[in-house]
Amino acid sequence: MNDAPTKIETTDQLKIAVSEIVQSQSIYDIHTHLFSPEFSELLLWGIDELLTYHYLIAELFRKSDITYDHFWHMTKTQQADLIWETLFIENSPISEACRGVVTTLNELGLDVDSRNLQEYRQYFADTSVEDFIDTVFNTSNVSNVIMTNDPFDPLEEPVWETGDIGDTRFEAALRMDVLINSYDDIAYEHLRALGYDVDLTLSTDKGYREVRRFLETWIQRMNPKYMAVSLPPDFEYPEDSVLGRLFDHCILPVSREFNVPFALMIGVKRAVNPHLRMAGDGTGKADLSSLETLLREHQDNKFLVTLLSRENQHELCVIARKFKNLMVFGCWWFMNNPSIIEEITRERIELLGLSVIPQHSDARILDQLIYKWIHSRQIITDVLIEKYSTLLDVSWTLTASEIQRDVSNLFGGNFKRFLNKN
């Protein structure tokens with residue numbers, strides 16, 4: 001009996017194999033804004049949350065004459081009604097954010113052709129959150145998600161103090177935006193109130209030790225997969241500032257000691273239009289020389305990096321070729337659109353091979369796991385078929401097991417190995 005693996009030698013065989021393997025591969029979603037049920041109101045789900053997602057709010061104001069003040073004084077249900085009527089009934093829902101809602105409803109078995117918002121609301125009203133979590137994870141074929149956890153959030157702290165976040169499919173990431181971007185007001189006052197003897201300018205050894213103690217406490221409490229921060233496009237390193245001192249004397253030493261990677265998400269410009277609230281942030285091209293310096297001067301630290309500007313993507317790939325302590329991940333925020341996902345995925349594979357994490361969902365509402373991964377799986381499938389086809393063209397045959405190995409690495413294996421690498 002011949003146990004040799006069956007070779008894939010034709011384009012038709014390849015398309016079938018890649019499609020089946022990618023669709024069946026469970027996904028480790030390494031960056032979301034989701035929460036387990038223990039976090040109560042922080043876990044967002046249901047049709048009204050889907051419709052009032054900040055992407056759709058921004059899109060609404062392009063098609064409606066409603067004023068900002070009028071919109072923000074509406075109830076969530078009223079806002080959802082207006083968005084549904086404006087973007088789905090009066091206009092065809094072909095933007096990615098609108099299409100995502102339709103994909104999600106369809107995958108949940110709801111009649112999208114009825115366009116009956118009240119029927120959709122009834123479905124969610126009749127479903128428990130626990131059952132819906134199972135439905136979403138099964139439908140999206142996601143095994144685990146990593147949350148975004150803020151140690152300065154008063155809604156989160158009581159849950160972490162219990163030591164039980166419930167559903168083990170939800171894992172932690174220690175978010176440090178408040179500490180890094182708002183040290184001199186919010187973080188400083190919060191740390192002092194907790195009894196940490198920090199100084200306002202963070203320029204003493206005692207202050208450094210106290211911030212490290214705070215981080216160590218939360219690492220032990222959360223067991224985070226990584227620490228993370230979103231940074232503006234004008235982020236600079238090294239820098240004689242609170243940010244620079246936090247990096248050098250607090251965050252990087254703790255990251256190294258506990259073998260917890262530091263995720264840098266660079267390129268966000270906050271409140272470009274404050275009237276839009278969460279929907280009002282923008283993007284800018286970053287100078288990546290600071291990232292190069294961080295990677296070069298801290299080669300015993302591990303960094304996960306994603307960038308918000310399309311114009312930065314090629315340079316990031318080139319930098320990743322030079323530093324093995326960098327793992328490029330996902331298509332973040334404004335990059336999370338089909339045409340750009342396809343372009344970036346192709347570019348990364350051409351420059352970095354299979355040594356990347358091609359996507360994360362960035363889901364803020366539980367339901368979004370469904371559409372974000374359905375859409376991304378198809379794009380990644382198409383790119384892989386194209387790249388594998390170039391091997392077939394020069395008589396390099398493949399096997400299904402080899403493709404399965406590659407896909408498994410892309411959707412979780414690369415991340416797990418990067419976490420465990422010392």
# chains A, B, ... in the order shown; residues from 1 in each chain; ligands from 1
>>> residues_around(residues="Tyr28 (chain A)", least_positions_apart="5", cutoff="10 Å", atoms="only C-alpha atoms", output="NGL selection string")
:A and (141-146 or 169 or 359-360 or 408 or 410-413 or 415-416)
>>> closest_atom_pairs(of="region 20-113 of chain A", to="region 279-295 of chain A", cutoff="12 Å", atoms="only C-alpha atoms", output="CSV")
residue,atom,partner,partner_atom,distance
A:Thr52,CA,A:Ala279,CA,10.3
A:Tyr53,CA,A:Ala279,CA,8.6
A:His54,CA,A:Ala279,CA,4.8
A:Tyr55,CA,A:Ala279,CA,6.4
A:Leu56,CA,A:Ala279,CA,8.6
A:Ile57,CA,A:Ala279,CA,6.8
A:Ala58,CA,A:Ala279,CA,5.8
A:Glu59,CA,A:Ala279,CA,9.4
A:Leu60,CA,A:Ala279,CA,10.8
A:Phe61,CA,A:Ala279,CA,10.6
A:Tyr68,CA,A:Gly280,CA,11.7
>>> write_last_selection(atoms="N, CA and C atoms", output="PDB file, in the first residue's frame")
ATOM      1  N   THR A  52     -25.003  50.516  14.880  1.00  0.00           N
ATOM      2  CA  THR A  52     -24.442  51.759  15.417  1.00  0.00           C
ATOM      3  C   THR A  52     -22.929  51.658  15.605  1.00  0.00           C
ATOM      4  N   TYR A  53     -22.328  50.716  14.935  1.00  0.00           N
ATOM      5  CA  TYR A  53     -20.863  50.619  14.879  1.00  0.00           C
ATOM      6  C   TYR A  53     -20.310  51.933  14.313  1.00  0.00           C
ATOM      7  N   HIS A  54     -19.196  52.404  14.825  1.00  0.00           N
ATOM      8  CA  HIS A  54     -18.741  53.746  14.468  1.00  0.00           C
ATOM      9  C   HIS A  54     -18.432  53.915  12.979  1.00  0.00           C
ATOM     10  N   TYR A  55     -18.080  52.826  12.278  1.00  0.00           N
ATOM     11  CA  TYR A  55     -17.905  52.937  10.832  1.00  0.00           C
ATOM     12  C   TYR A  55     -19.206  53.392  10.158  1.00  0.00           C
ATOM     13  N   LEU A  56     -20.322  52.798  10.609  1.00  0.00           N
ATOM     14  CA  LEU A  56     -21.609  53.112  10.006  1.00  0.00           C
ATOM     15  C   LEU A  56     -22.102  54.490  10.430  1.00  0.00           C
ATOM     16  N   ILE A  57     -21.756  54.903  11.626  1.00  0.00           N
ATOM     17  CA  ILE A  57     -22.118  56.259  12.058  1.00  0.00           C
ATOM     18  C   ILE A  57     -21.443  57.288  11.157  1.00  0.00           C
ATOM     19  N   ALA A  58     -20.157  57.106  10.898  1.00  0.00           N
ATOM     20  CA  ALA A  58     -19.453  58.040  10.018  1.00  0.00           C
ATOM     21  C   ALA A  58     -20.071  58.038   8.624  1.00  0.00           C
ATOM     22  N   GLU A  59     -20.442  56.849   8.143  1.00  0.00           N
ATOM     23  CA  GLU A  59     -21.035  56.748   6.802  1.00  0.00           C
ATOM     24  C   GLU A  59     -22.409  57.418   6.752  1.00  0.00           C
ATOM     25  N   LEU A  60     -23.160  57.309   7.857  1.00  0.00           N
ATOM     26  CA  LEU A  60     -24.482  57.933   7.911  1.00  0.00           C
ATOM     27  C   LEU A  60     -24.414  59.429   7.632  1.00  0.00           C
ATOM     28  N   PHE A  61     -23.460  60.104   8.269  1.00  0.00           N
ATOM     29  CA  PHE A  61     -23.404  61.557   8.137  1.00  0.00           C
ATOM     30  C   PHE A  61     -23.045  62.011   6.720  1.00  0.00           C
ATOM     31  N   TYR A  68     -25.166  66.616  14.206  1.00  0.00           N
ATOM     32  CA  TYR A  68     -24.477  65.803  15.205  1.00  0.00           C
ATOM     33  C   TYR A  68     -25.244  65.788  16.518  1.00  0.00           C
TER      34      TYR A  68
END
>>> residues_around(residues="Lys76 (chain A)", least_positions_apart="3", cutoff="10 Å", atoms="only C-alpha atoms", output="NGL selection string")
:A and (48-49 or 51-52 or 71-73 or 79-82)
>>> select_by_dssp(residues="region 108-336 of chain A", states="alpha helix (DSSP H)", output="PyMOL selection string")
chain A and resi 117-125+129-140+157-162+177-181+188-193+205-222+242-246+252-258+289-297+313-322
>>> closest_residue(among="A:Lys302, A:Arg121, A:Arg364, A:Arg417", to="Leu264 (chain A)", atoms="only C-alpha atoms")
A:Lys302
>>> residues_around(residues="Leu202 (chain A)", least_positions_apart="2", cutoff="12 Å", atoms="only C-alpha atoms", output="compact mmCIF listing (two decimals) with C-alpha atoms, in the first residue's frame")
# COMPACT_ATOMS: atom_id res chain seq x y z
CA LEU A 179 -0.37 54.82 30.81
CA ILE A 180 1.63 55.88 27.75
CA TYR A 183 0.51 59.55 31.98
CA ASP A 184 0.67 63.14 33.23
CA ALA A 187 -2.51 57.56 34.75
CA TYR A 188 -0.54 59.57 37.29
CA LEU A 191 -1.51 55.27 40.21
CA ASP A 197 4.64 56.33 44.72
CA VAL A 198 5.14 57.75 41.23
CA ASP A 199 6.28 61.26 40.32
CA LEU A 200 4.57 63.48 37.78
CA THR A 204 13.22 58.93 39.37
CA ASP A 205 14.31 55.35 39.98
CA LYS A 206 11.53 55.00 42.55
CA GLY A 207 8.98 56.12 39.98
CA TYR A 208 10.28 53.60 37.46
CA ARG A 209 10.12 50.81 40.04
CA GLU A 210 6.55 51.72 40.94
CA VAL A 211 5.35 51.68 37.34
CA ARG A 212 7.08 48.34 36.82
CA ASP A 240 13.62 62.47 26.37
CA SER A 241 10.00 62.52 27.49
CA VAL A 242 7.64 60.57 29.71
CA LEU A 243 6.94 58.25 26.77
CA GLY A 244 10.63 57.59 26.20
CA ARG A 245 11.26 56.96 29.90
CA LEU A 246 8.22 54.67 30.14
CA PHE A 247 9.56 52.63 27.24
CA ASP A 248 13.17 52.38 28.45
CA HIS A 249 12.74 52.02 32.20
CA CYS A 250 9.36 50.37 32.62
>>> closest_residue(among="A:Phe334, A:Leu307, A:Ile219, A:Thr162", to="Pro233 (chain A)", atoms="only C-alpha atoms")
A:Leu307
>>> select_by_dssp(residues="region 81-306 of chain A", states="strand (DSSP E)", output="ChimeraX atom specification")
/A:142-146,170-171,174-175,227-231,262-266,268-269,282-283,303-306
>>> residues_around(residues="Ser389 (chain A)", least_positions_apart="2", cutoff="10 Å", atoms="only C-alpha atoms", output="PyMOL selection string")
chain A and resi 9-11+14-15+383-387+391-398
>>> residues_around(residues="Leu369 (chain A)", least_positions_apart="2", cutoff="9 Å", atoms="only C-alpha atoms", output="number ranges by chain")
A: 104, 136-137, 139-140, 142, 361-367, 371-374
>>> closest_residue(among="A:Val129, A:Leu110, A:Leu308, A:Val260", to="Asn420 (chain A)", atoms="only C-alpha atoms")
A:Val260
>>> residues_around(residues="Gln220 (chain A)", least_positions_apart="6", cutoff="12 Å", atoms="only C-alpha atoms", output="number ranges by chain")
A: 160-161, 163, 172, 174, 213-214, 254, 258, 260
>>> write_last_selection(atoms="C-alpha atoms", output="tab-separated table (two decimals), in the first residue's frame")
chain	number	residue	atom	x	y	z
A	160	TRP	CA	-9.99	40.95	37.16
A	161	GLU	CA	-9.96	41.11	40.95
A	163	GLY	CA	-9.58	36.06	39.14
A	172	ALA	CA	-6.26	38.98	27.67
A	174	LEU	CA	-2.78	44.41	28.52
A	213	ARG	CA	5.35	47.05	39.96
A	214	PHE	CA	2.01	48.16	38.56
A	254	VAL	CA	8.98	44.15	32.06
A	258	PHE	CA	8.05	38.23	31.55
A	260	VAL	CA	5.35	39.26	26.97
>>> closest_residue(among="A:Ile370, A:Thr86, A:Asp153, A:Pro274", to="Glu107 (chain A)", atoms="only C-alpha atoms")
A:Ile370
>>> closest_residue(among="A:Asn301, A:Ser26, A:Gln368, A:Asn223", to="Pro253 (chain A)", atoms="only C-alpha atoms")
A:Asn301
>>> closest_residue(among="A:Thr399, A:Ser255, A:Thr345, A:Gln25", to="Cys317 (chain A)", atoms="only C-alpha atoms")
A:Thr345
>>> atom_distance(atom1="CA of Gly353 (chain A)", atom2="CA of Glu297 (chain A)")
25.3 Å
>>> atom_distance(atom1="CA of Val178 (chain A)", atom2="CA of Val229 (chain A)")
8.8 Å
>>> atom_distance(atom1="CA of Phe235 (chain A)", atom2="CA of Met222 (chain A)")
27.3 Å
>>> decode(residues="region 316-365 of chain A", atoms="N, CA and C atoms", output="PDB file, in the first residue's frame")
ATOM      1  N   LEU A 316       7.185  48.637   6.195  1.00  0.00           N
ATOM      2  CA  LEU A 316       7.102  47.714   7.329  1.00  0.00           C
ATOM      3  C   LEU A 316       7.573  46.323   6.931  1.00  0.00           C
ATOM      4  N   CYS A 317       7.204  45.868   5.749  1.00  0.00           N
ATOM      5  CA  CYS A 317       7.661  44.558   5.276  1.00  0.00           C
ATOM      6  C   CYS A 317       9.183  44.519   5.148  1.00  0.00           C
ATOM      7  N   VAL A 318       9.759  45.582   4.627  1.00  0.00           N
ATOM      8  CA  VAL A 318      11.219  45.628   4.475  1.00  0.00           C
ATOM      9  C   VAL A 318      11.891  45.596   5.843  1.00  0.00           C
ATOM     10  N   ILE A 319      11.346  46.344   6.798  1.00  0.00           N
ATOM     11  CA  ILE A 319      11.909  46.339   8.151  1.00  0.00           C
ATOM     12  C   ILE A 319      11.817  44.941   8.753  1.00  0.00           C
ATOM     13  N   ALA A 320      10.693  44.260   8.530  1.00  0.00           N
ATOM     14  CA  ALA A 320      10.519  42.916   9.094  1.00  0.00           C
ATOM     15  C   ALA A 320      11.539  41.930   8.536  1.00  0.00           C
ATOM     16  N   ARG A 321      12.007  42.155   7.328  1.00  0.00           N
ATOM     17  CA  ARG A 321      13.048  41.290   6.760  1.00  0.00           C
ATOM     18  C   ARG A 321      14.366  41.422   7.532  1.00  0.00           C
ATOM     19  N   LYS A 322      14.547  42.521   8.244  1.00  0.00           N
ATOM     20  CA  LYS A 322      15.822  42.793   8.912  1.00  0.00           C
ATOM     21  C   LYS A 322      15.822  42.417  10.387  1.00  0.00           C
ATOM     22  N   PHE A 323      14.626  42.267  10.973  1.00  0.00           N
ATOM     23  CA  PHE A 323      14.568  42.053  12.421  1.00  0.00           C
ATOM     24  C   PHE A 323      13.644  40.881  12.749  1.00  0.00           C
ATOM     25  N   LYS A 324      14.230  39.807  13.275  1.00  0.00           N
ATOM     26  CA  LYS A 324      13.431  38.633  13.606  1.00  0.00           C
ATOM     27  C   LYS A 324      12.608  38.833  14.873  1.00  0.00           C
ATOM     28  N   ASN A 325      12.881  39.907  15.635  1.00  0.00           N
ATOM     29  CA  ASN A 325      12.082  40.183  16.828  1.00  0.00           C
ATOM     30  C   ASN A 325      10.819  40.969  16.514  1.00  0.00           C
ATOM     31  N   LEU A 326      10.500  41.099  15.238  1.00  0.00           N
ATOM     32  CA  LEU A 326       9.280  41.770  14.794  1.00  0.00           C
ATOM     33  C   LEU A 326       8.348  40.767  14.128  1.00  0.00           C
ATOM     34  N   MET A 327       7.077  40.755  14.579  1.00  0.00           N
ATOM     35  CA  MET A 327       6.033  39.986  13.917  1.00  0.00           C
ATOM     36  C   MET A 327       4.995  40.956  13.372  1.00  0.00           C
ATOM     37  N   VAL A 328       4.844  40.977  12.067  1.00  0.00           N
ATOM     38  CA  VAL A 328       3.848  41.823  11.419  1.00  0.00           C
ATOM     39  C   VAL A 328       2.486  41.141  11.527  1.00  0.00           C
ATOM     40  N   PHE A 329       1.458  41.916  11.910  1.00  0.00           N
ATOM     41  CA  PHE A 329       0.142  41.282  12.050  1.00  0.00           C
ATOM     42  C   PHE A 329      -0.983  42.155  11.523  1.00  0.00           C
ATOM     43  N   GLY A 330      -1.939  41.498  10.896  1.00  0.00           N
ATOM     44  CA  GLY A 330      -3.238  42.037  10.589  1.00  0.00           C
ATOM     45  C   GLY A 330      -3.320  43.264   9.707  1.00  0.00           C
ATOM     46  N   CYS A 331      -4.547  43.582   9.331  1.00  0.00           N
ATOM     47  CA  CYS A 331      -4.879  44.784   8.571  1.00  0.00           C
ATOM     48  C   CYS A 331      -5.797  45.605   9.463  1.00  0.00           C
ATOM     49  N   TRP A 332      -5.231  46.597  10.082  1.00  0.00           N
ATOM     50  CA  TRP A 332      -5.851  47.290  11.200  1.00  0.00           C
ATOM     51  C   TRP A 332      -6.771  48.415  10.740  1.00  0.00           C
ATOM     52  N   TRP A 333      -7.998  48.426  11.273  1.00  0.00           N
ATOM     53  CA  TRP A 333      -8.900  49.570  11.200  1.00  0.00           C
ATOM     54  C   TRP A 333      -9.200  49.969   9.747  1.00  0.00           C
ATOM     55  N   PHE A 334      -8.637  51.094   9.285  1.00  0.00           N
ATOM     56  CA  PHE A 334      -8.932  51.550   7.926  1.00  0.00           C
ATOM     57  C   PHE A 334      -8.268  50.659   6.864  1.00  0.00           C
ATOM     58  N   MET A 335      -7.340  49.808   7.281  1.00  0.00           N
ATOM     59  CA  MET A 335      -6.741  48.847   6.357  1.00  0.00           C
ATOM     60  C   MET A 335      -7.624  47.618   6.168  1.00  0.00           C
ATOM     61  N   ASN A 336      -8.623  47.465   7.041  1.00  0.00           N
ATOM     62  CA  ASN A 336      -9.439  46.246   7.041  1.00  0.00           C
ATOM     63  C   ASN A 336     -10.570  46.352   6.018  1.00  0.00           C
ATOM     64  N   ASN A 337     -10.189  46.530   4.764  1.00  0.00           N
ATOM     65  CA  ASN A 337     -11.120  46.583   3.634  1.00  0.00           C
ATOM     66  C   ASN A 337     -10.611  45.651   2.539  1.00  0.00           C
ATOM     67  N   PRO A 338     -11.509  44.979   1.825  1.00  0.00           N
ATOM     68  CA  PRO A 338     -11.098  43.900   0.929  1.00  0.00           C
ATOM     69  C   PRO A 338      -9.978  44.236  -0.033  1.00  0.00           C
ATOM     70  N   SER A 339     -10.066  45.358  -0.744  1.00  0.00           N
ATOM     71  CA  SER A 339      -9.037  45.669  -1.739  1.00  0.00           C
ATOM     72  C   SER A 339      -7.678  45.864  -1.084  1.00  0.00           C
ATOM     73  N   ILE A 340      -7.673  46.443   0.101  1.00  0.00           N
ATOM     74  CA  ILE A 340      -6.403  46.697   0.784  1.00  0.00           C
ATOM     75  C   ILE A 340      -5.888  45.424   1.445  1.00  0.00           C
ATOM     76  N   ILE A 341      -6.788  44.626   2.024  1.00  0.00           N
ATOM     77  CA  ILE A 341      -6.370  43.341   2.602  1.00  0.00           C
ATOM     78  C   ILE A 341      -5.680  42.485   1.538  1.00  0.00           C
ATOM     79  N   GLU A 342      -6.282  42.439   0.355  1.00  0.00           N
ATOM     80  CA  GLU A 342      -5.694  41.652  -0.733  1.00  0.00           C
ATOM     81  C   GLU A 342      -4.309  42.169  -1.105  1.00  0.00           C
ATOM     82  N   GLU A 343      -4.187  43.464  -1.267  1.00  0.00           N
ATOM     83  CA  GLU A 343      -2.906  44.063  -1.637  1.00  0.00           C
ATOM     84  C   GLU A 343      -1.839  43.811  -0.574  1.00  0.00           C
ATOM     85  N   ILE A 344      -2.188  44.044   0.696  1.00  0.00           N
ATOM     86  CA  ILE A 344      -1.217  43.903   1.774  1.00  0.00           C
ATOM     87  C   ILE A 344      -0.825  42.443   1.967  1.00  0.00           C
ATOM     88  N   THR A 345      -1.805  41.541   1.904  1.00  0.00           N
ATOM     89  CA  THR A 345      -1.502  40.119   2.076  1.00  0.00           C
ATOM     90  C   THR A 345      -0.560  39.632   0.984  1.00  0.00           C
ATOM     91  N   ARG A 346      -0.837  40.035  -0.243  1.00  0.00           N
ATOM     92  CA  ARG A 346       0.038  39.651  -1.356  1.00  0.00           C
ATOM     93  C   ARG A 346       1.451  40.219  -1.146  1.00  0.00           C
ATOM     94  N   GLU A 347       1.521  41.481  -0.776  1.00  0.00           N
ATOM     95  CA  GLU A 347       2.819  42.129  -0.580  1.00  0.00           C
ATOM     96  C   GLU A 347       3.615  41.460   0.536  1.00  0.00           C
ATOM     97  N   ARG A 348       2.946  41.139   1.622  1.00  0.00           N
ATOM     98  CA  ARG A 348       3.641  40.514   2.750  1.00  0.00           C
ATOM     99  C   ARG A 348       4.169  39.128   2.391  1.00  0.00           C
ATOM    100  N   ILE A 349       3.341  38.343   1.720  1.00  0.00           N
ATOM    101  CA  ILE A 349       3.788  37.001   1.351  1.00  0.00           C
ATOM    102  C   ILE A 349       4.938  37.077   0.355  1.00  0.00           C
ATOM    103  N   GLU A 350       4.886  38.019  -0.562  1.00  0.00           N
ATOM    104  CA  GLU A 350       5.975  38.159  -1.532  1.00  0.00           C
ATOM    105  C   GLU A 350       7.286  38.557  -0.866  1.00  0.00           C
ATOM    106  N   LEU A 351       7.219  39.356   0.184  1.00  0.00           N
ATOM    107  CA  LEU A 351       8.442  39.821   0.846  1.00  0.00           C
ATOM    108  C   LEU A 351       8.839  38.977   2.051  1.00  0.00           C
ATOM    109  N   LEU A 352       7.864  38.407   2.745  1.00  0.00           N
ATOM    110  CA  LEU A 352       8.147  37.721   4.013  1.00  0.00           C
ATOM    111  C   LEU A 352       7.732  36.255   4.009  1.00  0.00           C
ATOM    112  N   GLY A 353       7.249  35.767   2.888  1.00  0.00           N
ATOM    113  CA  GLY A 353       6.835  34.378   2.841  1.00  0.00           C
ATOM    114  C   GLY A 353       5.659  34.129   3.772  1.00  0.00           C
ATOM    115  N   LEU A 354       5.739  33.041   4.517  1.00  0.00           N
ATOM    116  CA  LEU A 354       4.641  32.630   5.396  1.00  0.00           C
ATOM    117  C   LEU A 354       4.904  32.985   6.851  1.00  0.00           C
ATOM    118  N   SER A 355       5.771  33.961   7.087  1.00  0.00           N
ATOM    119  CA  SER A 355       6.201  34.285   8.453  1.00  0.00           C
ATOM    120  C   SER A 355       5.454  35.482   9.035  1.00  0.00           C
ATOM    121  N   VAL A 356       4.171  35.626   8.697  1.00  0.00           N
ATOM    122  CA  VAL A 356       3.373  36.754   9.167  1.00  0.00           C
ATOM    123  C   VAL A 356       2.072  36.242   9.776  1.00  0.00           C
ATOM    124  N   ILE A 357       1.343  37.163  10.408  1.00  0.00           N
ATOM    125  CA  ILE A 357      -0.026  36.905  10.846  1.00  0.00           C
ATOM    126  C   ILE A 357      -0.900  37.755   9.927  1.00  0.00           C
ATOM    127  N   PRO A 358      -1.536  37.154   8.927  1.00  0.00           N
ATOM    128  CA  PRO A 358      -2.147  37.961   7.874  1.00  0.00           C
ATOM    129  C   PRO A 358      -3.327  38.805   8.321  1.00  0.00           C
ATOM    130  N   GLN A 359      -4.013  38.382   9.369  1.00  0.00           N
ATOM    131  CA  GLN A 359      -5.229  39.115   9.695  1.00  0.00           C
ATOM    132  C   GLN A 359      -5.619  38.924  11.152  1.00  0.00           C
ATOM    133  N   HIS A 360      -6.301  39.921  11.667  1.00  0.00           N
ATOM    134  CA  HIS A 360      -7.056  39.848  12.912  1.00  0.00           C
ATOM    135  C   HIS A 360      -8.387  40.529  12.622  1.00  0.00           C
ATOM    136  N   SER A 361      -9.399  40.275  13.425  1.00  0.00           N
ATOM    137  CA  SER A 361     -10.714  40.829  13.085  1.00  0.00           C
ATOM    138  C   SER A 361     -10.880  42.272  13.531  1.00  0.00           C
ATOM    139  N   ASP A 362     -10.262  42.655  14.645  1.00  0.00           N
ATOM    140  CA  ASP A 362     -10.475  43.979  15.236  1.00  0.00           C
ATOM    141  C   ASP A 362     -11.943  44.162  15.613  1.00  0.00           C
ATOM    142  N   ALA A 363     -12.666  43.047  15.778  1.00  0.00           N
ATOM    143  CA  ALA A 363     -14.099  43.108  16.044  1.00  0.00           C
ATOM    144  C   ALA A 363     -14.381  43.836  17.352  1.00  0.00           C
ATOM    145  N   ARG A 364     -15.328  44.756  17.311  1.00  0.00           N
ATOM    146  CA  ARG A 364     -15.777  45.475  18.504  1.00  0.00           C
ATOM    147  C   ARG A 364     -17.132  44.951  18.975  1.00  0.00           C
ATOM    148  N   ILE A 365     -17.887  44.376  18.037  1.00  0.00           N
ATOM    149  CA  ILE A 365     -19.171  43.761  18.350  1.00  0.00           C
ATOM    150  C   ILE A 365     -19.027  42.277  18.047  1.00  0.00           C
TER     151      ILE A 365
END
